[in-house]
file query.txt (compact mmCIF, N, CA and C atoms)
# COMPACT_ATOMS: atom_id res chain seq x y z
N TRP X 1 10.12 3.41 14.91
CA TRP X 1 10.85 4.42 15.65
C TRP X 1 10.54 4.37 17.14
N THR X 2 9.35 3.92 17.47
CA THR X 2 8.95 3.86 18.87
C THR X 2 9.92 3.01 19.67
N GLU X 3 10.33 1.89 19.10
CA GLU X 3 11.26 1.00 19.81
C GLU X 3 12.63 1.66 20.00
N ARG X 4 12.91 2.73 19.25
CA ARG X 4 14.19 3.43 19.38
C ARG X 4 14.06 4.70 20.21
N GLY X 5 12.88 4.90 20.82
CA GLY X 5 12.74 6.00 21.76
C GLY X 5 12.11 7.27 21.23
N VAL X 6 11.55 7.24 20.04
CA VAL X 6 10.85 8.43 19.53
C VAL X 6 9.43 8.04 19.12
N LYS X 7 8.54 9.00 19.23
CA LYS X 7 7.15 8.79 18.83
C LYS X 7 6.77 9.89 17.86
N VAL X 8 5.92 9.54 16.92
CA VAL X 8 5.34 10.52 16.02
C VAL X 8 3.83 10.38 16.11
N VAL X 9 3.16 11.51 16.26
CA VAL X 9 1.70 11.50 16.25
C VAL X 9 1.23 12.56 15.27
N LEU X 10 0.07 12.30 14.70
CA LEU X 10 -0.56 13.24 13.78
C LEU X 10 -1.80 13.79 14.47
N VAL X 11 -1.92 15.11 14.53
CA VAL X 11 -3.10 15.75 15.08
C VAL X 11 -3.84 16.40 13.92
N ASP X 12 -5.09 15.97 13.72
CA ASP X 12 -5.90 16.45 12.61
C ASP X 12 -7.02 17.35 13.13
N PRO X 13 -6.90 18.67 12.89
CA PRO X 13 -7.90 19.60 13.39
C PRO X 13 -9.07 19.84 12.43
N ILE X 14 -9.13 19.11 11.35
CA ILE X 14 -10.14 19.38 10.32
C ILE X 14 -11.43 18.65 10.69
N ASP X 15 -12.44 19.42 11.09
CA ASP X 15 -13.71 18.84 11.53
C ASP X 15 -14.42 18.04 10.45
N LYS X 16 -14.24 18.42 9.20
CA LYS X 16 -14.98 17.77 8.12
C LYS X 16 -14.39 16.43 7.69
N GLU X 17 -13.15 16.15 8.08
CA GLU X 17 -12.53 14.88 7.70
C GLU X 17 -13.01 13.77 8.61
N LYS X 18 -13.20 12.61 8.02
CA LYS X 18 -13.62 11.45 8.78
C LYS X 18 -12.38 10.67 9.22
N SER X 19 -12.48 10.01 10.35
CA SER X 19 -11.35 9.23 10.88
C SER X 19 -10.85 8.20 9.88
N GLU X 20 -11.78 7.55 9.17
CA GLU X 20 -11.37 6.54 8.20
C GLU X 20 -10.60 7.14 7.03
N ASP X 21 -10.89 8.41 6.67
CA ASP X 21 -10.15 9.08 5.61
C ASP X 21 -8.71 9.36 6.06
N VAL X 22 -8.56 9.75 7.31
CA VAL X 22 -7.22 10.01 7.85
C VAL X 22 -6.43 8.71 7.88
N ARG X 23 -7.05 7.61 8.34
CA ARG X 23 -6.36 6.31 8.37
C ARG X 23 -5.95 5.89 6.96
N ALA X 24 -6.84 6.10 5.98
CA ALA X 24 -6.53 5.73 4.59
C ALA X 24 -5.33 6.54 4.09
N TYR X 25 -5.26 7.83 4.43
CA TYR X 25 -4.13 8.67 4.02
C TYR X 25 -2.83 8.13 4.62
N LEU X 26 -2.85 7.79 5.91
CA LEU X 26 -1.65 7.26 6.55
C LEU X 26 -1.22 5.95 5.93
N GLU X 27 -2.18 5.09 5.60
CA GLU X 27 -1.85 3.82 4.95
C GLU X 27 -1.28 4.06 3.55
N LYS X 28 -1.86 4.99 2.81
CA LYS X 28 -1.38 5.30 1.46
C LYS X 28 0.06 5.80 1.50
N LYS X 29 0.36 6.65 2.47
CA LYS X 29 1.71 7.21 2.61
C LYS X 29 2.65 6.26 3.35
N LYS X 30 2.11 5.12 3.83
CA LYS X 30 2.88 4.13 4.59
C LYS X 30 3.49 4.74 5.85
N LEU X 31 2.64 5.45 6.59
CA LEU X 31 3.05 6.11 7.82
C LEU X 31 2.42 5.38 9.01
N PRO X 32 3.24 4.74 9.82
CA PRO X 32 2.72 3.93 10.93
C PRO X 32 2.50 4.73 12.22
N PHE X 33 1.87 5.89 12.12
CA PHE X 33 1.70 6.74 13.29
C PHE X 33 0.25 6.72 13.76
N PRO X 34 0.05 6.96 15.03
CA PRO X 34 -1.32 7.17 15.48
C PRO X 34 -1.78 8.56 15.03
N ALA X 35 -3.05 8.66 14.70
CA ALA X 35 -3.63 9.93 14.30
C ALA X 35 -4.76 10.26 15.27
N TYR X 36 -4.80 11.50 15.69
CA TYR X 36 -5.82 11.95 16.63
C TYR X 36 -6.63 13.06 15.99
N ARG X 37 -7.93 12.90 16.02
CA ARG X 37 -8.83 13.95 15.53
C ARG X 37 -9.00 14.96 16.65
N ASP X 38 -8.78 16.19 16.35
CA ASP X 38 -8.91 17.27 17.32
C ASP X 38 -10.25 17.95 17.10
N GLU X 39 -11.31 17.24 17.45
CA GLU X 39 -12.65 17.79 17.26
C GLU X 39 -12.83 19.03 18.11
N GLY X 40 -13.34 20.07 17.51
CA GLY X 40 -13.49 21.34 18.20
C GLY X 40 -12.21 22.14 18.29
N ARG X 41 -11.11 21.62 17.72
CA ARG X 41 -9.82 22.31 17.65
C ARG X 41 -9.29 22.75 19.03
N VAL X 42 -9.57 21.98 20.06
CA VAL X 42 -9.13 22.35 21.41
C VAL X 42 -7.60 22.41 21.49
N LEU X 43 -6.94 21.32 21.12
CA LEU X 43 -5.47 21.29 21.15
C LEU X 43 -4.88 22.23 20.10
N SER X 44 -5.43 22.20 18.91
CA SER X 44 -4.90 23.02 17.82
C SER X 44 -4.96 24.51 18.15
N ASN X 45 -6.02 24.94 18.76
CA ASN X 45 -6.12 26.36 19.16
C ASN X 45 -5.08 26.70 20.22
N ARG X 46 -4.86 25.80 21.17
CA ARG X 46 -3.87 26.06 22.23
C ARG X 46 -2.46 26.14 21.66
N LEU X 47 -2.19 25.34 20.60
CA LEU X 47 -0.86 25.31 20.01
C LEU X 47 -0.72 26.21 18.78
N ALA X 48 -1.77 26.97 18.46
CA ALA X 48 -1.78 27.86 17.29
C ALA X 48 -1.50 27.11 15.99
N VAL X 49 -2.10 25.93 15.86
CA VAL X 49 -1.95 25.12 14.66
C VAL X 49 -2.99 25.58 13.63
N PRO X 50 -2.56 25.78 12.38
CA PRO X 50 -3.54 26.15 11.36
C PRO X 50 -4.50 24.98 11.08
N ALA X 51 -5.43 25.20 10.22
CA ALA X 51 -6.46 24.20 9.93
C ALA X 51 -5.97 23.13 8.97
N THR X 52 -4.92 22.44 9.35
CA THR X 52 -4.37 21.36 8.55
C THR X 52 -3.66 20.38 9.49
N PRO X 53 -3.54 19.12 9.14
CA PRO X 53 -2.89 18.18 10.05
C PRO X 53 -1.44 18.56 10.36
N TYR X 54 -1.05 18.32 11.59
CA TYR X 54 0.30 18.60 12.06
C TYR X 54 0.90 17.32 12.63
N TYR X 55 2.17 17.11 12.36
CA TYR X 55 2.92 15.97 12.90
C TYR X 55 3.78 16.46 14.06
N TYR X 56 3.86 15.64 15.10
CA TYR X 56 4.68 15.96 16.25
C TYR X 56 5.66 14.82 16.49
N LEU X 57 6.94 15.15 16.61
CA LEU X 57 7.98 14.19 16.92
C LEU X 57 8.37 14.39 18.38
N ILE X 58 8.21 13.33 19.15
CA ILE X 58 8.43 13.40 20.60
C ILE X 58 9.57 12.45 20.96
N ASP X 59 10.58 12.98 21.66
CA ASP X 59 11.73 12.13 21.98
C ASP X 59 11.48 11.29 23.23
N LYS X 60 12.46 10.50 23.61
CA LYS X 60 12.32 9.56 24.73
C LYS X 60 12.08 10.26 26.06
N ASP X 61 12.40 11.56 26.14
CA ASP X 61 12.17 12.34 27.36
C ASP X 61 10.86 13.12 27.30
N SER X 62 10.02 12.79 26.31
CA SER X 62 8.71 13.43 26.11
C SER X 62 8.81 14.90 25.72
N VAL X 63 9.91 15.26 25.05
CA VAL X 63 10.11 16.61 24.55
C VAL X 63 9.71 16.64 23.08
N VAL X 64 8.89 17.61 22.71
CA VAL X 64 8.53 17.76 21.30
C VAL X 64 9.74 18.35 20.58
N ARG X 65 10.27 17.58 19.64
CA ARG X 65 11.48 18.00 18.93
C ARG X 65 11.17 18.58 17.55
N TYR X 66 9.99 18.27 17.02
CA TYR X 66 9.57 18.80 15.72
C TYR X 66 8.05 18.89 15.71
N ALA X 67 7.54 19.95 15.06
CA ALA X 67 6.10 20.10 14.87
C ALA X 67 5.88 20.76 13.52
N GLY X 68 4.98 20.17 12.73
CA GLY X 68 4.67 20.79 11.45
C GLY X 68 4.30 19.80 10.38
N ALA X 69 4.68 20.14 9.16
CA ALA X 69 4.31 19.36 7.99
C ALA X 69 5.13 18.08 7.88
N LEU X 70 4.54 17.10 7.24
CA LEU X 70 5.26 15.87 6.92
C LEU X 70 6.43 16.22 6.00
N GLU X 71 6.13 17.01 5.00
CA GLU X 71 7.13 17.38 3.99
C GLU X 71 6.67 18.62 3.25
N THR X 72 7.58 19.20 2.52
CA THR X 72 7.26 20.29 1.62
C THR X 72 7.55 19.80 0.21
N GLY X 73 6.67 20.11 -0.72
CA GLY X 73 6.88 19.69 -2.10
C GLY X 73 6.54 18.23 -2.31
N THR X 74 6.88 17.76 -3.49
CA THR X 74 6.57 16.39 -3.90
C THR X 74 7.86 15.57 -3.95
N PRO X 75 7.81 14.34 -3.39
CA PRO X 75 9.00 13.49 -3.46
C PRO X 75 9.50 13.36 -4.91
N GLY X 76 10.81 13.45 -5.08
CA GLY X 76 11.41 13.37 -6.40
C GLY X 76 11.56 14.71 -7.10
N GLN X 77 10.90 15.73 -6.58
CA GLN X 77 11.00 17.06 -7.17
C GLN X 77 12.10 17.87 -6.46
N LYS X 78 12.58 18.87 -7.16
CA LYS X 78 13.68 19.69 -6.64
C LYS X 78 13.33 20.39 -5.32
N ASN X 79 12.06 20.79 -5.17
CA ASN X 79 11.66 21.54 -3.98
C ASN X 79 11.27 20.65 -2.80
N HIS X 80 11.45 19.34 -2.92
CA HIS X 80 11.03 18.43 -1.86
C HIS X 80 11.93 18.53 -0.64
N ALA X 81 11.29 18.64 0.53
CA ALA X 81 12.03 18.65 1.81
C ALA X 81 11.26 17.77 2.78
N PRO X 82 11.79 16.60 3.11
CA PRO X 82 11.12 15.68 4.02
C PRO X 82 11.37 16.06 5.49
N HIS X 83 10.70 17.11 5.93
CA HIS X 83 10.97 17.68 7.25
C HIS X 83 10.90 16.67 8.39
N LEU X 84 9.81 15.92 8.45
CA LEU X 84 9.64 14.96 9.55
C LEU X 84 10.72 13.88 9.52
N ALA X 85 10.96 13.30 8.36
CA ALA X 85 11.98 12.25 8.25
C ALA X 85 13.36 12.78 8.64
N ASN X 86 13.68 13.99 8.23
CA ASN X 86 14.98 14.58 8.60
C ASN X 86 15.07 14.78 10.11
N ALA X 87 13.98 15.24 10.73
CA ALA X 87 13.98 15.46 12.18
C ALA X 87 14.15 14.14 12.92
N VAL X 88 13.48 13.09 12.44
CA VAL X 88 13.62 11.77 13.07
C VAL X 88 15.07 11.30 12.98
N GLU X 89 15.68 11.46 11.81
CA GLU X 89 17.09 11.05 11.65
C GLU X 89 17.99 11.81 12.61
N ASP X 90 17.75 13.12 12.75
CA ASP X 90 18.56 13.92 13.67
C ASP X 90 18.43 13.41 15.11
N VAL X 91 17.20 13.17 15.55
CA VAL X 91 16.98 12.72 16.93
C VAL X 91 17.62 11.36 17.15
N LEU X 92 17.41 10.43 16.23
CA LEU X 92 17.96 9.09 16.39
C LEU X 92 19.49 9.08 16.38
N ALA X 93 20.08 10.05 15.66
CA ALA X 93 21.54 10.14 15.61
C ALA X 93 22.12 10.95 16.76
N GLY X 94 21.23 11.51 17.62
CA GLY X 94 21.70 12.30 18.75
C GLY X 94 22.12 13.70 18.37
N ARG X 95 21.71 14.15 17.18
CA ARG X 95 22.05 15.50 16.71
C ARG X 95 20.91 16.47 17.04
N PRO X 96 21.22 17.77 17.11
CA PRO X 96 20.16 18.76 17.23
C PRO X 96 19.30 18.73 15.96
N VAL X 97 18.02 18.91 16.11
CA VAL X 97 17.13 18.93 14.95
C VAL X 97 17.36 20.23 14.20
N LYS X 98 17.67 20.12 12.91
CA LYS X 98 17.97 21.32 12.10
C LYS X 98 16.73 22.17 11.88
N VAL X 99 15.62 21.53 11.48
CA VAL X 99 14.36 22.24 11.24
C VAL X 99 13.40 21.76 12.32
N LYS X 100 13.10 22.62 13.28
CA LYS X 100 12.28 22.23 14.42
C LYS X 100 10.79 22.40 14.18
N SER X 101 10.45 23.19 13.18
CA SER X 101 9.04 23.38 12.85
C SER X 101 8.91 23.82 11.41
N SER X 102 7.73 23.56 10.89
CA SER X 102 7.41 24.02 9.54
C SER X 102 5.92 24.28 9.51
N THR X 103 5.49 24.98 8.50
CA THR X 103 4.08 25.28 8.36
C THR X 103 3.46 24.28 7.41
N ALA X 104 2.47 23.57 7.92
CA ALA X 104 1.73 22.64 7.08
C ALA X 104 0.71 23.45 6.29
N VAL X 105 0.66 23.20 5.00
CA VAL X 105 -0.27 23.91 4.13
C VAL X 105 -1.29 22.91 3.62
N GLY X 106 -2.53 23.26 3.69
CA GLY X 106 -3.53 22.32 3.23
C GLY X 106 -4.88 22.92 3.10
call {"tool": "encode", "arguments": {"input": "query.txt", "output": "structure tokens"}}
result
Amino acid sequence: WTERGVKVVLVDPIDKEKSEDVRAYLEKKKLPFPAYRDEGRVLSNRLAVPATPYYYLIDKDSVVRYAGALETGTPGQKNHAPHLANAVEDVLAGRPVKVKSSTAVG
């Protein structure tokens, strides 16, 4: 997506998680995003992020277009909502993002 003008970053405010555990999670989910540990919750406190990882979708103009959970529910289940993927599709198609934020639960 970076080559198409959007960036996704993961901010992890959980002090107890190790960087290698976060990288393993991203590899398991096949998510090619950079992950940043927010030690001391400096950024997370400023953005009122709960104590769980948050994904940020940033467009080519450096505007945050989505912030929140990767998804809600489990893929393949009726309650599944791939929030981040939907937001990326909207931005790449030049549409307004339908869901601009969600609450990550963890």
call {"tool": "residues_around", "arguments": {"input": "query.txt", "residues": "segment 32-49 of chain X", "least_positions_apart": "2", "cutoff": "5 Å", "atoms": "only N, CA and C atoms", "output": "PDB file with N, CA and C atoms, keeping the file's coordinate frame"}}
result
ATOM      1  N   VAL X   9       3.160  11.510  16.260  1.00  0.00           N
ATOM      2  CA  VAL X   9       1.700  11.500  16.250  1.00  0.00           C
ATOM      3  C   VAL X   9       1.230  12.560  15.270  1.00  0.00           C
ATOM      4  N   LEU X  10       0.070  12.300  14.700  1.00  0.00           N
ATOM      5  CA  LEU X  10      -0.560  13.240  13.780  1.00  0.00           C
ATOM      6  C   LEU X  10      -1.800  13.790  14.470  1.00  0.00           C
ATOM      7  N   VAL X  11      -1.920  15.110  14.530  1.00  0.00           N
ATOM      8  CA  VAL X  11      -3.100  15.750  15.080  1.00  0.00           C
ATOM      9  C   VAL X  11      -3.840  16.400  13.920  1.00  0.00           C
ATOM     10  N   ASP X  12      -5.090  15.970  13.720  1.00  0.00           N
ATOM     11  CA  ASP X  12      -5.900  16.450  12.610  1.00  0.00           C
ATOM     12  C   ASP X  12      -7.020  17.350  13.130  1.00  0.00           C
ATOM     13  N   PRO X  13      -6.900  18.670  12.890  1.00  0.00           N
ATOM     14  CA  PRO X  13      -7.900  19.600  13.390  1.00  0.00           C
ATOM     15  C   PRO X  13      -9.070  19.840  12.430  1.00  0.00           C
ATOM     16  N   LYS X  30       2.110   5.120   3.830  1.00  0.00           N
ATOM     17  CA  LYS X  30       2.880   4.130   4.590  1.00  0.00           C
ATOM     18  C   LYS X  30       3.490   4.740   5.850  1.00  0.00           C
ATOM     19  N   ALA X  51      -5.430  25.200  10.220  1.00  0.00           N
ATOM     20  CA  ALA X  51      -6.460  24.200   9.930  1.00  0.00           C
ATOM     21  C   ALA X  51      -5.970  23.130   8.970  1.00  0.00           C
TER      22      ALA X  51
END
call {"tool": "atom_distance", "arguments": {"input": "query.txt", "atom1": "atom C of Ala69 of chain X", "atom2": "atom N of Leu84 of chain X"}}
result
5.2 Å
call {"tool": "select_by_dssp", "arguments": {"input": "query.txt", "residues": "segment 27-101 of chain X", "states": "helix (DSSP H, G or I)", "output": "number ranges by chain"}}
result
X: 27-28, 39-46, 83-92
call {"tool": "closest_residue", "arguments": {"input": "query.txt", "among": "X:Glu71, X:Tyr66, X:Glu3, X:Tyr25", "to": "Val88 of chain X", "atoms": "only N, CA and C atoms"}}
result
X:Tyr66
call {"tool": "closest_residue", "arguments": {"input": "query.txt", "among": "X:Thr74, X:Glu20, X:Tyr54, X:Leu92", "to": "Gly5 of chain X", "atoms": "all atoms listed in the file"}}
result
X:Leu92
call {"tool": "closest_residue", "arguments": {"input": "query.txt", "among": "X:Gly73, X:Lys7, X:Val97, X:Ala24", "to": "Tyr56 of chain X", "atoms": "only C-alpha atoms"}}
result
X:Lys7
call {"tool": "closest_residue", "arguments": {"input": "query.txt", "among": "X:Thr2, X:Asp15, X:Pro50, X:Val8", "to": "Val64 of chain X", "atoms": "only C-alpha atoms"}}
result
X:Val8
call {"tool": "closest_residue", "arguments": {"input": "query.txt", "among": "X:Val22, X:Val99, X:Ala104, X:Ile14", "to": "Ala87 of chain X", "atoms": "only C-alpha atoms"}}
result
X:Val99
call {"tool": "atom_distance", "arguments": {"input": "query.txt", "atom1": "atom C of Lys98 of chain X", "atom2": "atom CA of Leu26 of chain X"}}
result
24.3 Å
call {"tool": "atom_distance", "arguments": {"input": "query.txt", "atom1": "atom CA of Arg65 of chain X", "atom2": "atom CA of Lys100 of chain X"}}
result
6.2 Å
call {"tool": "decode", "arguments": {"input": "query.txt", "residues": "segment 68-79 of chain X", "atoms": "all heavy atoms", "output": "JSON list (two decimals), in the first residue's frame"}}
result
[["chain", "number", "residue", "atom", "x", "y", "z"],
["X", 68, "GLY", "N", -7.71, 2.63, 14.99],
["X", 68, "GLY", "CA", -8.44, 1.67, 15.80],
["X", 68, "GLY", "C", -8.01, 0.25, 15.59],
["X", 68, "GLY", "O", -6.85, -0.04, 15.31],
["X", 69, "ALA", "N", -8.97, -0.64, 15.70],
["X", 69, "ALA", "CA", -8.72, -2.08, 15.63],
["X", 69, "ALA", "C", -8.46, -2.54, 14.20],
["X", 69, "ALA", "O", -8.94, -1.95, 13.25],
["X", 69, "ALA", "CB", -9.94, -2.84, 16.19],
["X", 70, "LEU", "N", -7.71, -3.61, 14.10],
["X", 70, "LEU", "CA", -7.51, -4.26, 12.81],
["X", 70, "LEU", "C", -8.86, -4.74, 12.29],
["X", 70, "LEU", "O", -9.21, -4.51, 11.14],
["X", 70, "LEU", "CB", -6.55, -5.44, 12.97],
["X", 70, "LEU", "CG", -6.33, -6.31, 11.75],
["X", 70, "LEU", "CD1", -5.60, -5.53, 10.67],
["X", 70, "LEU", "CD2", -5.53, -7.56, 12.13],
["X", 71, "GLU", "N", -9.59, -5.39, 13.17],
["X", 71, "GLU", "CA", -10.89, -5.96, 12.79],
["X", 71, "GLU", "C", -11.71, -6.21, 14.04],
["X", 71, "GLU", "O", -11.19, -6.17, 15.15],
["X", 71, "GLU", "CB", -10.68, -7.28, 12.04],
["X", 71, "GLU", "CG", -9.92, -8.30, 12.84],
["X", 71, "GLU", "CD", -9.40, -9.46, 12.02],
["X", 71, "GLU", "OE1", -9.51, -9.46, 10.78],
["X", 71, "GLU", "OE2", -8.89, -10.40, 12.64],
["X", 72, "THR", "N", -12.98, -6.47, 13.84],
["X", 72, "THR", "CA", -13.85, -6.91, 14.91],
["X", 72, "THR", "C", -14.30, -8.31, 14.57],
["X", 72, "THR", "O", -14.62, -8.60, 13.42],
["X", 72, "THR", "CB", -15.09, -5.99, 15.03],
["X", 72, "THR", "OG1", -14.65, -4.67, 15.33],
["X", 72, "THR", "CG2", -16.03, -6.47, 16.11],
["X", 73, "GLY", "N", -14.33, -9.19, 15.56],
["X", 73, "GLY", "CA", -14.76, -10.55, 15.32],
["X", 73, "GLY", "C", -13.68, -11.39, 14.66],
["X", 73, "GLY", "O", -12.54, -10.98, 14.51],
["X", 74, "THR", "N", -14.09, -12.57, 14.27],
["X", 74, "THR", "CA", -13.18, -13.55, 13.67],
["X", 74, "THR", "C", -13.48, -13.70, 12.18],
["X", 74, "THR", "O", -14.64, -13.82, 11.80],
["X", 74, "THR", "CB", -13.37, -14.92, 14.36],
["X", 74, "THR", "OG1", -13.20, -14.74, 15.76],
["X", 74, "THR", "CG2", -12.38, -15.94, 13.85],
["X", 75, "PRO", "N", -12.42, -13.69, 11.35],
["X", 75, "PRO", "CA", -12.65, -13.88, 9.91],
["X", 75, "PRO", "C", -13.48, -15.15, 9.66],
["X", 75, "PRO", "O", -13.28, -16.18, 10.28],
["X", 75, "PRO", "CB", -11.25, -14.03, 9.33],
["X", 75, "PRO", "CG", -10.39, -13.25, 10.28],
["X", 75, "PRO", "CD", -11.00, -13.49, 11.64],
["X", 76, "GLY", "N", -14.45, -15.03, 8.76],
["X", 76, "GLY", "CA", -15.33, -16.14, 8.43],
["X", 76, "GLY", "C", -16.59, -16.21, 9.29],
["X", 76, "GLY", "O", -17.53, -16.92, 8.96],
["X", 77, "GLN", "N", -16.61, -15.45, 10.37],
["X", 77, "GLN", "CA", -17.79, -15.43, 11.24],
["X", 77, "GLN", "C", -18.71, -14.27, 10.84],
["X", 77, "GLN", "O", -18.28, -13.29, 10.23],
["X", 77, "GLN", "CB", -17.37, -15.26, 12.71],
["X", 77, "GLN", "CG", -16.50, -16.39, 13.22],
["X", 77, "GLN", "CD", -17.24, -17.71, 13.26],
["X", 77, "GLN", "OE1", -18.40, -17.78, 13.65],
["X", 77, "GLN", "NE2", -16.58, -18.78, 12.83],
["X", 78, "LYS", "N", -19.96, -14.41, 11.22],
["X", 78, "LYS", "CA", -20.98, -13.43, 10.86],
["X", 78, "LYS", "C", -20.66, -12.02, 11.39],
["X", 78, "LYS", "O", -20.94, -11.03, 10.73],
["X", 78, "LYS", "CB", -22.33, -13.90, 11.40],
["X", 78, "LYS", "CG", -23.51, -13.12, 10.92],
["X", 78, "LYS", "CD", -24.79, -13.74, 11.41],
["X", 78, "LYS", "CE", -25.98, -13.09, 10.77],
["X", 78, "LYS", "NZ", -27.24, -13.72, 11.17],
["X", 79, "ASN", "N", -20.05, -11.95, 12.57],
["X", 79, "ASN", "CA", -19.79, -10.65, 13.19],
["X", 79, "ASN", "C", -18.47, -10.02, 12.74],
["X", 79, "ASN", "O", -18.08, -8.98, 13.24],
["X", 79, "ASN", "CB", -19.79, -10.78, 14.71],
["X", 79, "ASN", "CG", -18.61, -11.59, 15.22],
["X", 79, "ASN", "OD1", -18.02, -12.39, 14.49],
["X", 79, "ASN", "ND2", -18.28, -11.42, 16.48]]
